[in-house]
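To be precise, the following lines are structure.pdb, and they hold PDB, C-alpha atoms.
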```pdb
ATOM      1  CA  MET G   1      11.613 -62.552 172.569  1.00  0.00           C
ATOM      2  CA  LEU G   2      11.186 -58.793 173.025  1.00  0.00           C
ATOM      3  CA  SER G   3      12.862 -57.112 175.950  1.00  0.00           C
ATOM      4  CA  PRO G   4      10.485 -55.369 178.419  1.00  0.00           C
ATOM      5  CA  LEU G   5      11.800 -51.940 177.405  1.00  0.00           C
ATOM      6  CA  LEU G   6      11.297 -52.630 173.697  1.00  0.00           C
ATOM      7  CA  PHE G   7       7.805 -53.981 174.368  1.00  0.00           C
ATOM      8  CA  LEU G   8       6.855 -50.788 176.238  1.00  0.00           C
ATOM      9  CA  ALA G   9       8.331 -48.659 173.468  1.00  0.00           C
ATOM     10  CA  LEU G  10       6.221 -50.457 170.880  1.00  0.00           C
ATOM     11  CA  GLN G  11       3.108 -49.987 173.007  1.00  0.00           C
ATOM     12  CA  ALA G  12       3.792 -46.260 173.253  1.00  0.00           C
ATOM     13  CA  ALA G  13       4.342 -46.026 169.513  1.00  0.00           C
ATOM     14  CA  THR G  14       1.172 -47.843 168.532  1.00  0.00           C
ATOM     15  CA  GLY G  15      -1.059 -46.101 171.076  1.00  0.00           C
ATOM     16  CA  PRO G  16      -4.234 -47.452 172.705  1.00  0.00           C
ATOM     17  CA  GLN G  17      -5.671 -50.654 171.330  1.00  0.00           C
ATOM     18  CA  LEU G  18      -9.258 -51.796 170.996  1.00  0.00           C
ATOM     19  CA  PRO G  19     -10.159 -54.855 173.082  1.00  0.00           C
ATOM     20  CA  ALA G  20      -9.550 -57.842 170.820  1.00  0.00           C
ATOM     21  CA  GLY G  21     -12.669 -59.868 170.071  1.00  0.00           C
ATOM     22  CA  ALA G  22     -14.899 -57.657 172.217  1.00  0.00           C
ATOM     23  CA  THR G  23     -18.561 -57.102 171.375  1.00  0.00           C
ATOM     24  CA  PRO G  24     -19.569 -53.599 170.199  1.00  0.00           C
ATOM     25  CA  GLU G  25     -21.162 -52.908 173.585  1.00  0.00           C
ATOM     26  CA  ALA G  26     -18.017 -53.986 175.442  1.00  0.00           C
ATOM     27  CA  ARG G  27     -15.914 -51.796 173.180  1.00  0.00           C
ATOM     28  CA  TYR G  28     -18.320 -48.946 173.818  1.00  0.00           C
ATOM     29  CA  ASP G  29     -18.076 -49.392 177.598  1.00  0.00           C
ATOM     30  CA  ALA G  30     -14.272 -49.371 177.429  1.00  0.00           C
ATOM     31  CA  CYS G  31     -14.286 -46.272 175.239  1.00  0.00           C
ATOM     32  CA  VAL G  32     -16.720 -44.380 177.470  1.00  0.00           C
ATOM     33  CA  ASP G  33     -14.683 -45.221 180.561  1.00  0.00           C
ATOM     34  CA  ALA G  34     -11.664 -43.709 178.848  1.00  0.00           C
ATOM     35  CA  ALA G  35     -13.679 -40.686 177.665  1.00  0.00           C
ATOM     36  CA  THR G  36     -14.347 -39.600 181.235  1.00  0.00           C
ATOM     37  CA  THR G  37     -10.936 -40.426 182.706  1.00  0.00           C
ATOM     38  CA  ALA G  38      -8.432 -40.172 179.832  1.00  0.00           C
ATOM     39  CA  PRO G  39     -10.197 -38.279 177.034  1.00  0.00           C
ATOM     40  CA  GLU G  40      -7.143 -37.924 174.800  1.00  0.00           C
ATOM     41  CA  GLN G  41      -6.759 -41.696 174.826  1.00  0.00           C
ATOM     42  CA  ALA G  42     -10.488 -42.107 174.208  1.00  0.00           C
ATOM     43  CA  GLU G  43     -10.249 -39.892 171.135  1.00  0.00           C
ATOM     44  CA  LYS G  44      -7.631 -42.249 169.695  1.00  0.00           C
ATOM     45  CA  ILE G  45      -9.610 -45.336 170.673  1.00  0.00           C
ATOM     46  CA  ALA G  46     -12.791 -43.936 169.116  1.00  0.00           C
ATOM     47  CA  GLY G  47     -10.914 -43.003 165.954  1.00  0.00           C
ATOM     48  CA  GLN G  48      -9.496 -46.506 165.592  1.00  0.00           C
ATOM     49  CA  TRP G  49     -12.891 -48.041 166.286  1.00  0.00           C
ATOM     50  CA  ARG G  50     -14.645 -45.779 163.774  1.00  0.00           C
ATOM     51  CA  LEU G  51     -12.189 -46.847 161.053  1.00  0.00           C
ATOM     52  CA  ALA G  52     -12.858 -50.459 162.048  1.00  0.00           C
ATOM     53  CA  GLY G  53     -16.606 -49.984 161.561  1.00  0.00           C
ATOM     54  CA  GLY G  54     -17.615 -48.719 164.988  1.00  0.00           C
ATOM     55  CA  GLY G  55     -20.365 -46.553 163.514  1.00  0.00           C
ATOM     56  CA  PHE G  56     -22.483 -44.334 165.719  1.00  0.00           C
ATOM     57  CA  LEU G  57     -21.207 -45.875 168.961  1.00  0.00           C
ATOM     58  CA  ALA G  58     -17.657 -44.833 168.106  1.00  0.00           C
ATOM     59  CA  ARG G  59     -18.791 -41.334 167.073  1.00  0.00           C
ATOM     60  CA  GLN G  60     -20.766 -40.862 170.272  1.00  0.00           C
ATOM     61  CA  CYS G  61     -17.769 -41.896 172.359  1.00  0.00           C
ATOM     62  CA  LEU G  62     -15.649 -39.443 170.385  1.00  0.00           C
ATOM     63  CA  GLY G  63     -18.146 -36.722 171.270  1.00  0.00           C
ATOM     64  CA  MET G  64     -17.877 -37.623 174.940  1.00  0.00           C
ATOM     65  CA  SER G  65     -14.090 -37.355 174.805  1.00  0.00           C
ATOM     66  CA  TYR G  66     -14.436 -33.841 173.379  1.00  0.00           C
ATOM     67  CA  ALA G  67     -17.108 -32.879 175.924  1.00  0.00           C
ATOM     68  CA  THR G  68     -14.897 -33.951 178.826  1.00  0.00           C
ATOM     69  CA  ARG G  69     -12.328 -31.431 177.564  1.00  0.00           C
ATOM     70  CA  GLN G  70     -15.042 -28.798 176.942  1.00  0.00           C
ATOM     71  CA  ARG G  71     -14.372 -28.784 173.215  1.00  0.00           C
ATOM     72  CA  TRP G  72     -18.034 -28.084 172.648  1.00  0.00           C
ATOM     73  CA  THR G  73     -18.145 -27.483 168.897  1.00  0.00           C
ATOM     74  CA  ALA G  74     -16.268 -30.705 168.150  1.00  0.00           C
ATOM     75  CA  ALA G  75     -18.427 -32.587 170.677  1.00  0.00           C
ATOM     76  CA  ALA G  76     -21.650 -31.321 169.113  1.00  0.00           C
ATOM     77  CA  GLU G  77     -20.527 -32.265 165.620  1.00  0.00           C
ATOM     78  CA  ALA G  78     -19.603 -35.775 166.750  1.00  0.00           C
ATOM     79  CA  PHE G  79     -22.934 -36.248 168.542  1.00  0.00           C
ATOM     80  CA  GLU G  80     -24.839 -34.980 165.488  1.00  0.00           C
ATOM     81  CA  GLN G  81     -22.978 -37.396 163.228  1.00  0.00           C
ATOM     82  CA  ALA G  82     -23.743 -40.215 165.671  1.00  0.00           C
ATOM     83  CA  ALA G  83     -27.422 -39.241 165.685  1.00  0.00           C
ATOM     84  CA  ARG G  84     -27.654 -39.242 161.881  1.00  0.00           C
ATOM     85  CA  GLU G  85     -25.938 -42.623 161.613  1.00  0.00           C
ATOM     86  CA  ALA G  86     -28.227 -44.048 164.301  1.00  0.00           C
ATOM     87  CA  GLU G  87     -31.272 -42.728 162.448  1.00  0.00           C
ATOM     88  CA  VAL G  88     -30.129 -44.482 159.264  1.00  0.00           C
ATOM     89  CA  ALA G  89     -29.754 -47.661 161.318  1.00  0.00           C
ATOM     90  CA  LYS G  90     -33.207 -47.049 162.854  1.00  0.00           C
ATOM     91  CA  ASP G  91     -31.667 -47.194 166.313  1.00  0.00           C
ATOM     92  CA  ALA G  92     -33.669 -45.474 169.069  1.00  0.00           C
ATOM     93  CA  ARG G  93     -30.474 -44.112 170.621  1.00  0.00           C
ATOM     94  CA  ALA G  94     -30.480 -41.411 167.943  1.00  0.00           C
ATOM     95  CA  ALA G  95     -32.699 -39.282 170.192  1.00  0.00           C
ATOM     96  CA  ASN G  96     -30.174 -39.428 173.018  1.00  0.00           C
ATOM     97  CA  TYR G  97     -27.418 -38.348 170.660  1.00  0.00           C
ATOM     98  CA  TRP G  98     -29.496 -35.401 169.407  1.00  0.00           C
ATOM     99  CA  ALA G  99     -30.073 -34.402 173.042  1.00  0.00           C
ATOM    100  CA  GLN G 100     -26.339 -34.576 173.737  1.00  0.00           C
ATOM    101  CA  ALA G 101     -25.676 -32.483 170.636  1.00  0.00           C
ATOM    102  CA  GLY G 102     -28.162 -29.894 171.834  1.00  0.00           C
ATOM    103  CA  ASN G 103     -26.543 -29.709 175.237  1.00  0.00           C
ATOM    104  CA  ALA G 104     -23.101 -29.278 173.665  1.00  0.00           C
ATOM    105  CA  ARG G 105     -24.408 -26.555 171.334  1.00  0.00           C
ATOM    106  CA  LEU G 106     -25.868 -24.759 174.348  1.00  0.00           C
ATOM    107  CA  ALA G 107     -22.534 -24.947 176.150  1.00  0.00           C
ATOM    108  CA  ASP G 108     -20.951 -23.489 173.016  1.00  0.00           C
ATOM    109  CA  GLY G 109     -23.446 -20.600 172.994  1.00  0.00           C
ATOM    110  CA  ASP G 110     -25.103 -21.629 169.708  1.00  0.00           C
ATOM    111  CA  THR G 111     -28.759 -21.557 170.737  1.00  0.00           C
ATOM    112  CA  ILE G 112     -30.110 -21.872 167.184  1.00  0.00           C
ATOM    113  CA  ALA G 113     -28.253 -25.121 166.503  1.00  0.00           C
ATOM    114  CA  ALA G 114     -29.089 -26.288 170.033  1.00  0.00           C
ATOM    115  CA  GLY G 115     -32.792 -25.765 169.397  1.00  0.00           C
ATOM    116  CA  THR G 116     -32.640 -27.730 166.147  1.00  0.00           C
ATOM    117  CA  ALA G 117     -30.927 -30.669 167.827  1.00  0.00           C
ATOM    118  CA  LEU G 118     -33.249 -30.658 170.847  1.00  0.00           C
ATOM    119  CA  ASP G 119     -36.344 -30.459 168.638  1.00  0.00           C
ATOM    120  CA  ALA G 120     -35.074 -33.543 166.807  1.00  0.00           C
ATOM    121  CA  ALA G 121     -34.472 -35.356 170.106  1.00  0.00           C
ATOM    122  CA  LEU G 122     -37.931 -34.632 171.482  1.00  0.00           C
ATOM    123  CA  ALA G 123     -39.797 -35.135 168.201  1.00  0.00           C
ATOM    124  CA  SER G 124     -38.648 -38.745 168.050  1.00  0.00           C
ATOM    125  CA  GLY G 125     -40.891 -39.723 170.941  1.00  0.00           C
ATOM    126  CA  THR G 126     -38.347 -42.253 172.158  1.00  0.00           C
ATOM    127  CA  LEU G 127     -36.881 -40.253 175.042  1.00  0.00           C
ATOM    128  CA  THR G 128     -38.354 -41.151 178.415  1.00  0.00           C
ATOM    129  CA  GLY G 129     -37.983 -40.196 182.052  1.00  0.00           C
ATOM    130  CA  LEU G 130     -34.903 -38.273 183.079  1.00  0.00           C
ATOM    131  CA  ALA G 131     -33.482 -38.124 179.547  1.00  0.00           C
ATOM    132  CA  ARG G 132     -36.654 -36.488 178.246  1.00  0.00           C
ATOM    133  CA  GLY G 133     -36.761 -34.120 181.209  1.00  0.00           C
ATOM    134  CA  GLU G 134     -33.179 -32.984 180.664  1.00  0.00           C
ATOM    135  CA  ALA G 135     -33.828 -32.378 176.956  1.00  0.00           C
ATOM    136  CA  GLN G 136     -36.932 -30.337 177.813  1.00  0.00           C
ATOM    137  CA  LEU G 137     -34.898 -28.366 180.338  1.00  0.00           C
ATOM    138  CA  ASP G 138     -32.267 -27.581 177.717  1.00  0.00           C
ATOM    139  CA  ARG G 139     -34.913 -26.558 175.191  1.00  0.00           C
ATOM    140  CA  ALA G 140     -36.437 -24.246 177.784  1.00  0.00           C
ATOM    141  CA  ARG G 141     -33.042 -22.545 178.068  1.00  0.00           C
ATOM    142  CA  VAL G 142     -32.982 -22.145 174.282  1.00  0.00           C
ATOM    143  CA  ARG G 143     -36.461 -20.625 174.297  1.00  0.00           C
ATOM    144  CA  VAL G 144     -35.605 -18.193 177.082  1.00  0.00           C
ATOM    145  CA  ALA G 145     -32.586 -17.056 175.076  1.00  0.00           C
ATOM    146  CA  GLY G 146     -34.874 -16.498 172.087  1.00  0.00           C
ATOM    147  CA  GLY G 147     -37.451 -14.566 174.119  1.00  0.00           C
ATOM    148  CA  ASP G 148     -40.119 -17.296 173.932  1.00  0.00           C
ATOM    149  CA  LEU G 149     -41.026 -17.253 177.617  1.00  0.00           C
ATOM    150  CA  ALA G 150     -44.400 -18.978 177.143  1.00  0.00           C
ATOM    151  CA  GLY G 151     -42.750 -21.842 175.260  1.00  0.00           C
ATOM    152  CA  ALA G 152     -40.054 -22.039 177.928  1.00  0.00           C
ATOM    153  CA  ARG G 153     -42.696 -22.316 180.636  1.00  0.00           C
ATOM    154  CA  GLY G 154     -44.284 -25.289 178.891  1.00  0.00           C
ATOM    155  CA  ASP G 155     -40.936 -27.047 178.533  1.00  0.00           C
ATOM    156  CA  LEU G 156     -39.992 -26.354 182.153  1.00  0.00           C
ATOM    157  CA  ASP G 157     -43.309 -27.683 183.450  1.00  0.00           C
ATOM    158  CA  ARG G 158     -42.763 -30.888 181.491  1.00  0.00           C
ATOM    159  CA  ALA G 159     -39.148 -31.083 182.673  1.00  0.00           C
ATOM    160  CA  LEU G 160     -40.275 -30.841 186.281  1.00  0.00           C
ATOM    161  CA  ARG G 161     -42.584 -33.807 185.748  1.00  0.00           C
ATOM    162  CA  ASP G 162     -39.884 -35.933 184.126  1.00  0.00           C
ATOM    163  CA  ALA G 163     -36.834 -34.793 186.141  1.00  0.00           C
ATOM    164  CA  PRO G 164     -38.204 -33.597 189.497  1.00  0.00           C
ATOM    165  CA  ALA G 165     -34.962 -34.384 191.344  1.00  0.00           C
ATOM    166  CA  ASP G 166     -32.905 -31.962 189.233  1.00  0.00           C
ATOM    167  CA  PRO G 167     -32.370 -28.738 191.224  1.00  0.00           C
ATOM    168  CA  LEU G 168     -31.510 -26.854 188.022  1.00  0.00           C
ATOM    169  CA  ALA G 169     -35.033 -27.434 186.714  1.00  0.00           C
ATOM    170  CA  TRP G 170     -36.516 -25.896 189.861  1.00  0.00           C
ATOM    171  CA  LEU G 171     -34.020 -23.025 189.754  1.00  0.00           C
ATOM    172  CA  LEU G 172     -34.778 -22.143 186.146  1.00  0.00           C
ATOM    173  CA  SER G 173     -38.493 -22.474 186.757  1.00  0.00           C
ATOM    174  CA  ALA G 174     -38.251 -20.096 189.713  1.00  0.00           C
ATOM    175  CA  THR G 175     -36.183 -17.623 187.702  1.00  0.00           C
ATOM    176  CA  LEU G 176     -38.675 -17.666 184.843  1.00  0.00           C
ATOM    177  CA  ALA G 177     -41.551 -17.180 187.270  1.00  0.00           C
ATOM    178  CA  ARG G 178     -39.769 -14.165 188.768  1.00  0.00           C
ATOM    179  CA  ARG G 179     -39.158 -12.701 185.316  1.00  0.00           C
ATOM    180  CA  THR G 180     -42.852 -13.062 184.479  1.00  0.00           C
ATOM    181  CA  SER G 181     -43.892 -11.543 187.862  1.00  0.00           C
ATOM    182  CA  ASP G 182     -45.393 -14.772 189.222  1.00  0.00           C
ATOM    183  CA  LEU G 183     -43.874 -14.466 192.691  1.00  0.00           C
ATOM    184  CA  THR G 184     -46.094 -17.156 194.192  1.00  0.00           C
ATOM    185  CA  ARG G 185     -44.742 -19.704 191.741  1.00  0.00           C
ATOM    186  CA  ALA G 186     -41.223 -18.301 192.077  1.00  0.00           C
ATOM    187  CA  LYS G 187     -41.203 -18.732 195.871  1.00  0.00           C
ATOM    188  CA  ALA G 188     -42.543 -22.278 195.692  1.00  0.00           C
ATOM    189  CA  ASP G 189     -40.055 -23.377 193.043  1.00  0.00           C
ATOM    190  CA  ILE G 190     -36.991 -21.764 194.591  1.00  0.00           C
ATOM    191  CA  ALA G 191     -37.865 -23.448 197.886  1.00  0.00           C
ATOM    192  CA  GLU G 192     -37.661 -26.789 196.055  1.00  0.00           C
ATOM    193  CA  ALA G 193     -34.325 -25.818 194.513  1.00  0.00           C
ATOM    194  CA  VAL G 194     -32.917 -24.826 197.915  1.00  0.00           C
ATOM    195  CA  ARG G 195     -34.151 -28.069 199.449  1.00  0.00           C
ATOM    196  CA  ARG G 196     -32.351 -30.100 196.797  1.00  0.00           C
ATOM    197  CA  SER G 197     -29.172 -28.018 196.470  1.00  0.00           C
ATOM    198  CA  PRO G 198     -28.681 -25.658 199.437  1.00  0.00           C
ATOM    199  CA  ASP G 199     -24.943 -25.255 198.768  1.00  0.00           C
ATOM    200  CA  ASP G 200     -25.346 -24.003 195.195  1.00  0.00           C
ATOM    201  CA  PRO G 201     -24.529 -20.261 195.072  1.00  0.00           C
ATOM    202  CA  SER G 202     -26.757 -19.771 192.011  1.00  0.00           C
ATOM    203  CA  VAL G 203     -29.703 -21.221 193.921  1.00  0.00           C
ATOM    204  CA  GLN G 204     -29.042 -19.012 196.938  1.00  0.00           C
ATOM    205  CA  LEU G 205     -28.659 -15.927 194.731  1.00  0.00           C
ATOM    206  CA  GLU G 206     -32.029 -16.541 193.107  1.00  0.00           C
ATOM    207  CA  ALA G 207     -33.556 -17.204 196.525  1.00  0.00           C
ATOM    208  CA  GLY G 208     -32.291 -13.803 197.620  1.00  0.00           C
ATOM    209  CA  ASN G 209     -33.647 -12.116 194.500  1.00  0.00           C
ATOM    210  CA  ILE G 210     -37.085 -13.619 194.987  1.00  0.00           C
ATOM    211  CA  ALA G 211     -37.154 -12.874 198.710  1.00  0.00           C
ATOM    212  CA  GLY G 212     -36.173  -9.268 198.050  1.00  0.00           C
ATOM    213  CA  LEU G 213     -38.931  -8.776 195.486  1.00  0.00           C
ATOM    214  CA  SER G 214     -41.380 -10.376 197.907  1.00  0.00           C
ATOM    215  CA  GLY G 215     -40.440  -7.864 200.616  1.00  0.00           C
ATOM    216  CA  ASP G 216     -38.762 -10.408 202.880  1.00  0.00           C
ATOM    217  CA  THR G 217     -35.578  -8.451 203.589  1.00  0.00           C
ATOM    218  CA  ARG G 218     -34.335 -10.814 206.267  1.00  0.00           C
ATOM    219  CA  ALA G 219     -34.563 -13.875 204.022  1.00  0.00           C
ATOM    220  CA  ALA G 220     -32.967 -11.957 201.153  1.00  0.00           C
ATOM    221  CA  ARG G 221     -30.025 -10.933 203.316  1.00  0.00           C
ATOM    222  CA  THR G 222     -29.572 -14.472 204.609  1.00  0.00           C
ATOM    223  CA  ALA G 223     -29.523 -15.874 201.074  1.00  0.00           C
ATOM    224  CA  PHE G 224     -27.128 -13.247 199.694  1.00  0.00           C
ATOM    225  CA  GLU G 225     -24.744 -13.756 202.611  1.00  0.00           C
ATOM    226  CA  ALA G 226     -24.897 -17.499 201.960  1.00  0.00           C
ATOM    227  CA  VAL G 227     -23.758 -16.857 198.381  1.00  0.00           C
ATOM    228  CA  GLN G 228     -20.732 -14.931 199.624  1.00  0.00           C
ATOM    229  CA  ARG G 229     -19.888 -17.656 202.099  1.00  0.00           C
ATOM    230  CA  LEU G 230     -20.285 -20.502 199.599  1.00  0.00           C
ATOM    231  CA  SER G 231     -18.369 -18.949 196.696  1.00  0.00           C
ATOM    232  CA  PRO G 232     -16.635 -15.743 197.800  1.00  0.00           C
ATOM    233  CA  ASP G 233     -14.723 -15.039 194.568  1.00  0.00           C
ATOM    234  CA  SER G 234     -17.491 -15.899 192.103  1.00  0.00           C
ATOM    235  CA  ALA G 235     -19.661 -13.791 189.836  1.00  0.00           C
ATOM    236  CA  GLN G 236     -22.606 -14.805 191.999  1.00  0.00           C
ATOM    237  CA  ALA G 237     -20.857 -13.368 195.067  1.00  0.00           C
ATOM    238  CA  LYS G 238     -20.352 -10.049 193.273  1.00  0.00           C
ATOM    239  CA  ALA G 239     -24.021  -9.951 192.340  1.00  0.00           C
ATOM    240  CA  ALA G 240     -24.973 -10.807 195.921  1.00  0.00           C
ATOM    241  CA  ALA G 241     -22.762  -7.994 197.254  1.00  0.00           C
ATOM    242  CA  ALA G 242     -24.426  -5.509 194.901  1.00  0.00           C
ATOM    243  CA  ALA G 243     -27.862  -6.726 195.992  1.00  0.00           C
ATOM    244  CA  LEU G 244     -26.953  -6.465 199.668  1.00  0.00           C
ATOM    245  CA  ASP G 245     -26.066  -2.800 199.126  1.00  0.00           C
ATOM    246  CA  THR G 246     -29.660  -2.157 198.009  1.00  0.00           C
ATOM    247  CA  LEU G 247     -31.196  -3.662 201.161  1.00  0.00           C
ATOM    248  CA  PRO G 248     -32.071  -1.483 204.169  1.00  0.00           C
ATOM    249  CA  PRO G 249     -29.797  -1.842 207.225  1.00  0.00           C
ATOM    250  CA  ALA G 250     -30.436  -4.919 209.332  1.00  0.00           C
TER     251      ALA G 250
END
```
Just give me the structure of the file as structure tokens.
Amino acid sequence: MLSPLLFLALQAATGPQLPAGATPEARYDACVDAATTAPEQAEKIAGQWRLAGGGFLARQCLGMSYATRQRWTAAAEAFEQAAREAEVAKDARAANYWAQAGNARLADGDTIAAGTALDAALASGTLTGLARGEAQLDRARVRVAGGDLAGARGDLDRALRDAPADPLAWLLSATLARRTSDLTRAKADIAEAVRRSPDDPSVQLEAGNIAGLSGDTRAARTAFEAVQRLSPDSAQAKAAAAALDTLPPA
């Protein structure tokens, strides 16, 4: 019989173990739980599972473990591999994996690869509801980066229909409207963003920008001061301070 200390030493040496006899979905749930709470362990679990035939579920969990640690390139590659394997298996989850790959590529600053992945996700026709809205939102960000403002507007309008509770969608829609000189749309959309996320300094900064362009100095000042109060050491606070200097005295 092994002593307790020797048993613990052997556990440490062999690392995390896959649940014995578990179904693929149960293994996936265990791996994903680890990916968000103990990503280094999840990477090992996913690696073991992949070697044991875990397929695209193991690769997607591996991508999540990388994403938790903001290792965006590795995350994107894992999600893309999961998507390709799911496509071969004719599994509808491939679209979700392409969307995750696109989001990771965006976080990594690679808008070209992000656009390719997001196009694949949306072209499948299998994304619905919030998942489709978030993919459209990400593709709008890609299109803005590429200067395709008309295409971005179409994606944002569709994102607002599919993910109306997401304050980021309203914020980006308001920002795009301001950039294209549609202040009526900008004011309506930023009001929705503020209603959903009043404590977000990025939302308050954009509210101040739009109010200032609309000639509402009081509202602009209130919003810029809110940015400084909410996140005093942030880049948004610096931008708000610069904007406040351009306003006439109260």
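A straight line drawn from atom CA of Ala101 of chain G to atom CA of Leu118 of chain G is 7.8 Å long.
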Do you know which residues are at most 7 Å from segment 83-87 of chain G counting only C-alpha atoms, after dropping those on the same chain fewer than 6 positions away, and could you put them as a PyMOL selection string? chain G and resi 56+93-95+97-98
To one decimal in Å, tell me the separation between atom CA of Thr73 of chain G and atom CA of Val142 of chain G. 16.7 Å
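Nearest-residue note for Asn103 of chain G: choosing from G:Glu192, G:Asp91, G:Asp155, G:Glu134, the minimum distance belongs to G:Glu134, counting only C-alpha atoms.
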When the PyMOL selection byres ((chain G and resi 44-53) around 9) is applied to the structure above, which residues does it catch, written out as a PyMOL selection string? chain G and resi 15-18+27-28+31+34+39-43+54-62+65
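Remark: for Asp182 of chain G, the closest of the candidate residues G:Leu168, G:Leu122, G:Ala117, G:Leu213 is G:Leu213 (distances computed over all atoms listed in the file).
Of note, atom CA of Thr36 of chain G and atom CA of Gln70 of chain G are spaced 11.6 Å apart.
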Residues near Ala211 of chain G, cut-off 12 Å, only C-alpha atoms, skip fewer than 6 positions along chain, as a PyMOL selection string: chain G and resi 174+178+183-184+186-188+190-191+204-205+217-224+243+247
Please write the residues from the selection above to a file, keeping C-alpha atoms, as a short mmCIF file (atom, residue, chain, number, x, y, z; two decimals), in the frame of the given file.
```
data_model
loop_
_atom_site.label_atom_id
_atom_site.label_comp_id
_atom_site.auth_asym_id
_atom_site.auth_seq_id
_atom_site.Cartn_x
_atom_site.Cartn_y
_atom_site.Cartn_z
CA ALA G 174 -38.25 -20.10 189.71
CA ARG G 178 -39.77 -14.16 188.77
CA LEU G 183 -43.87 -14.47 192.69
CA THR G 184 -46.09 -17.16 194.19
CA ALA G 186 -41.22 -18.30 192.08
CA LYS G 187 -41.20 -18.73 195.87
CA ALA G 188 -42.54 -22.28 195.69
CA ILE G 190 -36.99 -21.76 194.59
CA ALA G 191 -37.86 -23.45 197.89
CA GLN G 204 -29.04 -19.01 196.94
CA LEU G 205 -28.66 -15.93 194.73
CA THR G 217 -35.58 -8.45 203.59
CA ARG G 218 -34.34 -10.81 206.27
CA ALA G 219 -34.56 -13.88 204.02
CA ALA G 220 -32.97 -11.96 201.15
CA ARG G 221 -30.02 -10.93 203.32
CA THR G 222 -29.57 -14.47 204.61
CA ALA G 223 -29.52 -15.87 201.07
CA PHE G 224 -27.13 -13.25 199.69
CA ALA G 243 -27.86 -6.73 195.99
CA LEU G 247 -31.20 -3.66 201.16
#
```
Check what the PyMOL selection byres ((chain G and resi 106) around 12) selects in the file above and give those residues as a VMD selection string. chain G and resid 70 72 to 73 75 to 76 99 to 105 107 to 118 135 137 to 143 145
Pick out the closest residue to Gly63 of chain G from this set: G:Ala120, G:Ala207, G:Leu130, G:Ala78. Count all atoms listed in the file. G:Ala78
Residues selected by the PyMOL selection byres ((chain G and resi 203) around 12), written as a PyMOL selection string: chain G and resi 167-175+187+189-202+204-210+223-224+226-227+230-231+236-237+240
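Considering the residues G:Val144, G:Arg185, G:Gly133, G:Gln228 and counting all atoms listed in the file, Arg158 of chain G has its shortest atom-to-atom contact with G:Gly133.
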Could you rebuild segment 161-174 of chain G with N, CA and C atoms and give it back as a short mmCIF file (atom, residue, chain, number, x, y, z; two decimals), keeping the file's coordinate frame?
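And here's selection-v3.cif as it stands now:
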```
data_model
loop_
_atom_site.label_atom_id
_atom_site.label_comp_id
_atom_site.auth_asym_id
_atom_site.auth_seq_id
_atom_site.Cartn_x
_atom_site.Cartn_y
_atom_site.Cartn_z
N ARG G 161 -41.89 -32.53 185.60
CA ARG G 161 -42.58 -33.81 185.75
C ARG G 161 -41.65 -34.98 185.49
N ASP G 162 -40.75 -34.82 184.51
CA ASP G 162 -39.88 -35.93 184.13
C ASP G 162 -38.58 -35.99 184.92
N ALA G 163 -38.11 -34.84 185.41
CA ALA G 163 -36.83 -34.79 186.14
C ALA G 163 -37.00 -33.98 187.42
N PRO G 164 -37.90 -34.40 188.30
CA PRO G 164 -38.20 -33.60 189.50
C PRO G 164 -37.06 -33.52 190.49
N ALA G 165 -36.08 -34.41 190.39
CA ALA G 165 -34.96 -34.38 191.34
C ALA G 165 -33.85 -33.43 190.92
N ASP G 166 -33.97 -32.84 189.74
CA ASP G 166 -32.90 -31.96 189.23
C ASP G 166 -33.10 -30.55 189.79
N PRO G 167 -32.19 -30.08 190.66
CA PRO G 167 -32.37 -28.74 191.22
C PRO G 167 -32.31 -27.64 190.17
N LEU G 168 -31.59 -27.88 189.06
CA LEU G 168 -31.51 -26.85 188.02
C LEU G 168 -32.88 -26.59 187.42
N ALA G 169 -33.69 -27.63 187.27
CA ALA G 169 -35.03 -27.43 186.71
C ALA G 169 -35.85 -26.52 187.62
N TRP G 170 -35.77 -26.74 188.92
CA TRP G 170 -36.52 -25.90 189.86
C TRP G 170 -35.96 -24.48 189.88
N LEU G 171 -34.64 -24.36 189.78
CA LEU G 171 -34.02 -23.02 189.75
C LEU G 171 -34.47 -22.24 188.53
N LEU G 172 -34.39 -22.85 187.36
CA LEU G 172 -34.78 -22.14 186.15
C LEU G 172 -36.27 -21.84 186.13
N SER G 173 -37.06 -22.73 186.67
CA SER G 173 -38.49 -22.47 186.76
C SER G 173 -38.78 -21.29 187.67
N ALA G 174 -38.07 -21.22 188.79
CA ALA G 174 -38.25 -20.10 189.71
C ALA G 174 -37.81 -18.78 189.07
#
```
